[in-house]
Amino acid sequence: MSAVTEAERTAAGRWLNKLGVEVPELTDLLAMRLGFRAGARPPGSWRWFAVAVGVFVAATIGYPSLASLPGGGEPTGSSYVFFLIIGQHLAYWLPSRLRDRQALARYGTLAGPPRTHVFGWFLAAPLVTFGGGAALAVTIYATSPFRTYAVSWLLLLVVGAAITAAMATDVHRRPVIAEDATSRAVDTAVRLHDLLMALPAIYAVPVLADPLVGDAQPPEWRPWLFGYAALAVATQAVVGVVQWRQLRAALGKIAGDVREGA
């Protein structure tokens, strides 16, 4: 098991201080769980970065084969944006998941169920992004000759939905990794932080690139697609504000406990 690095400890302390929390003694558990999320790179994280790069390269090379689908037309030209987003999500999720598993193996869990209420409004963003996008793609396929565009976009949305579902499921099923009240509050904050990083509505943005890189997009549907992307981003903004306030509230509890114990 990799030991906590000084870079992780420094990054974790800086992250907490930036959010108004001062922990007199930053434990190894807090450093291990917050270090990577605060920007430090734990030992071996380059392997997961290599996985993300490999996914991007393989997907970029294989994607043009969709042009041979029956129905004519071109696949969506924004695929590279989707693959960049997927690669970034994997590069965050896989190392943080590994570090959490290492923390769980070393420190175990604190009695009590996970804070499942952290989801709250989160589900609204993927519902608009993936549900709304799928509905538009199916409708375009059924009512226009741009079937290759519709199928390729739907496939990309399915992949994005799978990545988002994997990240959200990990947050939901992950046991409470804590050794005291402070690390339990951090556990709640980490769940909210991971949901913020999942950012499902980002998968609605690539559709805006299609008019810039080709004519695969059906012209009469562009207002609908722009409206869809705007709605998804607006929903994500509302969800993000709510989650950020919940995160600050969870960390605020730590600050209160520290002041009482001083």
# chains A, B, ... in the order shown; residues from 1 in each chain; ligands from 1
call {"tool": "closest_atom_pairs", "arguments": {"of": "segment 85-193 of chain A", "to": "segment 4-22 of chain A", "cutoff": "12 Å", "atoms": "only C-alpha atoms", "output": "JSON lines"}}
result
{"residue": "A:Arg99", "atom": "CA", "partner": "A:Val4", "partner_atom": "CA", "distance": 9.8}
{"residue": "A:Gln102", "atom": "CA", "partner": "A:Val4", "partner_atom": "CA", "distance": 10.4}
{"residue": "A:Ala103", "atom": "CA", "partner": "A:Val4", "partner_atom": "CA", "distance": 10.0}
{"residue": "A:Arg106", "atom": "CA", "partner": "A:Val4", "partner_atom": "CA", "distance": 11.6}
{"residue": "A:Thr182", "atom": "CA", "partner": "A:Val21", "partner_atom": "CA", "distance": 10.8}
{"residue": "A:Ala185", "atom": "CA", "partner": "A:Val21", "partner_atom": "CA", "distance": 11.7}
{"residue": "A:Val186", "atom": "CA", "partner": "A:Leu16", "partner_atom": "CA", "distance": 9.7}
{"residue": "A:Ala189", "atom": "CA", "partner": "A:Leu16", "partner_atom": "CA", "distance": 10.7}
{"residue": "A:Val190", "atom": "CA", "partner": "A:Leu16", "partner_atom": "CA", "distance": 11.6}
{"residue": "A:His193", "atom": "CA", "partner": "A:Trp15", "partner_atom": "CA", "distance": 11.8}
call {"tool": "write_last_selection", "arguments": {"atoms": "N, CA and C atoms", "output": "PDB file, in the first residue's frame"}}
result
ATOM      1  N   ARG A  99      -7.304   5.293  -4.263  1.00  0.00           N
ATOM      2  CA  ARG A  99      -6.843   5.861  -2.986  1.00  0.00           C
ATOM      3  C   ARG A  99      -7.868   5.604  -1.887  1.00  0.00           C
ATOM      4  N   GLN A 102      -7.500   2.057  -0.726  1.00  0.00           N
ATOM      5  CA  GLN A 102      -6.326   1.920   0.133  1.00  0.00           C
ATOM      6  C   GLN A 102      -6.617   2.461   1.528  1.00  0.00           C
ATOM      7  N   ALA A 103      -7.334   3.583   1.590  1.00  0.00           N
ATOM      8  CA  ALA A 103      -7.710   4.149   2.888  1.00  0.00           C
ATOM      9  C   ALA A 103      -8.646   3.216   3.639  1.00  0.00           C
ATOM     10  N   ARG A 106      -6.734   0.359   5.145  1.00  0.00           N
ATOM     11  CA  ARG A 106      -5.870   0.728   6.261  1.00  0.00           C
ATOM     12  C   ARG A 106      -6.662   1.156   7.490  1.00  0.00           C
ATOM     13  N   THR A 182     -14.402  14.091  12.607  1.00  0.00           N
ATOM     14  CA  THR A 182     -13.864  14.973  11.574  1.00  0.00           C
ATOM     15  C   THR A 182     -13.764  14.246  10.236  1.00  0.00           C
ATOM     16  N   ALA A 185     -17.154  13.747   8.642  1.00  0.00           N
ATOM     17  CA  ALA A 185     -17.645  14.932   7.942  1.00  0.00           C
ATOM     18  C   ALA A 185     -16.927  15.105   6.609  1.00  0.00           C
ATOM     19  N   VAL A 186     -15.628  14.808   6.590  1.00  0.00           N
ATOM     20  CA  VAL A 186     -14.870  14.876   5.340  1.00  0.00           C
ATOM     21  C   VAL A 186     -15.383  13.824   4.363  1.00  0.00           C
ATOM     22  N   ALA A 189     -18.215  15.324   2.658  1.00  0.00           N
ATOM     23  CA  ALA A 189     -17.743  16.356   1.739  1.00  0.00           C
ATOM     24  C   ALA A 189     -17.120  15.736   0.491  1.00  0.00           C
ATOM     25  N   VAL A 190     -16.398  14.624   0.663  1.00  0.00           N
ATOM     26  CA  VAL A 190     -15.760  13.955  -0.470  1.00  0.00           C
ATOM     27  C   VAL A 190     -16.806  13.405  -1.431  1.00  0.00           C
ATOM     28  N   HIS A 193     -18.036  16.277  -3.376  1.00  0.00           N
ATOM     29  CA  HIS A 193     -16.989  16.713  -4.300  1.00  0.00           C
ATOM     30  C   HIS A 193     -16.918  15.798  -5.514  1.00  0.00           C
TER      31      HIS A 193
END
call {"tool": "select_by_dssp", "arguments": {"residues": "segment 174-227 of chain A", "states": "alpha helix (DSSP H)", "output": "ChimeraX atom specification"}}
result
/A:181-198,210-213,222-227
call {"tool": "residues_around", "arguments": {"residues": "segment 165-176 of chain A", "least_positions_apart": "4", "cutoff": "12 Å", "atoms": "only C-alpha atoms", "output": "ChimeraX atom specification"}}
result
/A:33,86,89-94,96-98,100-101,103-105,107-120,122-123,126-127,130,157-161,180-181,183-200
call {"tool": "atom_distance", "arguments": {"atom1": "atom CA of Pro42 of chain A", "atom2": "atom CA of Gly87 of chain A"}}
result
18.3 Å
call {"tool": "closest_atom_pairs", "arguments": {"of": "segment 181-244 of chain A", "to": "segment 135-138 of chain A", "cutoff": "12 Å", "atoms": "only C-alpha atoms", "output": "tab-separated table"}}
result
residue	atom	partner	partner_atom	distance
A:Ala204	CA	A:Leu136	CA	11.6
A:Val207	CA	A:Ala137	CA	11.2
A:Gln217	CA	A:Ala137	CA	10.9
A:Pro218	CA	A:Ala137	CA	11.0
A:Trp221	CA	A:Leu136	CA	9.1
A:Arg222	CA	A:Leu136	CA	11.0
A:Pro223	CA	A:Leu136	CA	11.8
A:Trp224	CA	A:Leu136	CA	8.3
A:Leu225	CA	A:Leu136	CA	7.9
A:Phe226	CA	A:Leu136	CA	11.5
A:Gly227	CA	A:Leu136	CA	11.2
A:Tyr228	CA	A:Leu136	CA	8.7
A:Ala229	CA	A:Leu136	CA	11.3
call {"tool": "write_last_selection", "arguments": {"atoms": "C-alpha atoms", "output": "compact mmCIF listing (two decimals), in the first residue's frame"}}
result
# COMPACT_ATOMS: atom_id res chain seq x y z
CA ALA A 204 -24.54 17.97 -23.47
CA VAL A 207 -23.37 18.99 -29.55
CA GLN A 217 -26.16 18.00 -37.86
CA PRO A 218 -29.69 18.41 -39.30
CA TRP A 221 -32.93 20.63 -35.44
CA ARG A 222 -30.17 23.03 -34.41
CA PRO A 223 -32.44 25.30 -32.31
CA TRP A 224 -33.67 22.25 -30.42
CA LEU A 225 -30.14 20.99 -29.83
CA PHE A 226 -28.93 24.38 -28.64
CA GLY A 227 -31.94 24.61 -26.34
CA TYR A 228 -31.24 21.14 -24.99
CA ALA A 229 -27.61 22.00 -24.22
call {"tool": "atom_distance", "arguments": {"atom1": "atom CA of Trp153 of chain A", "atom2": "atom CA of Thr76 of chain A"}}
result
6.1 Å
call {"tool": "closest_residue", "arguments": {"among": "A:Val151, A:Pro95, A:Pro211, A:Pro219", "to": "Met32 of chain A", "atoms": "only C-alpha atoms"}}
result
A:Pro95
call {"tool": "atom_distance", "arguments": {"atom1": "atom CA of Val23 of chain A", "atom2": "atom CA of Gly240 of chain A"}}
result
25.7 Å
call {"tool": "closest_residue", "arguments": {"among": "A:Gln236, A:Pro206, A:Leu84, A:Phe49", "to": "Gly133 of chain A", "atoms": "only C-alpha atoms"}}
result
A:Pro206
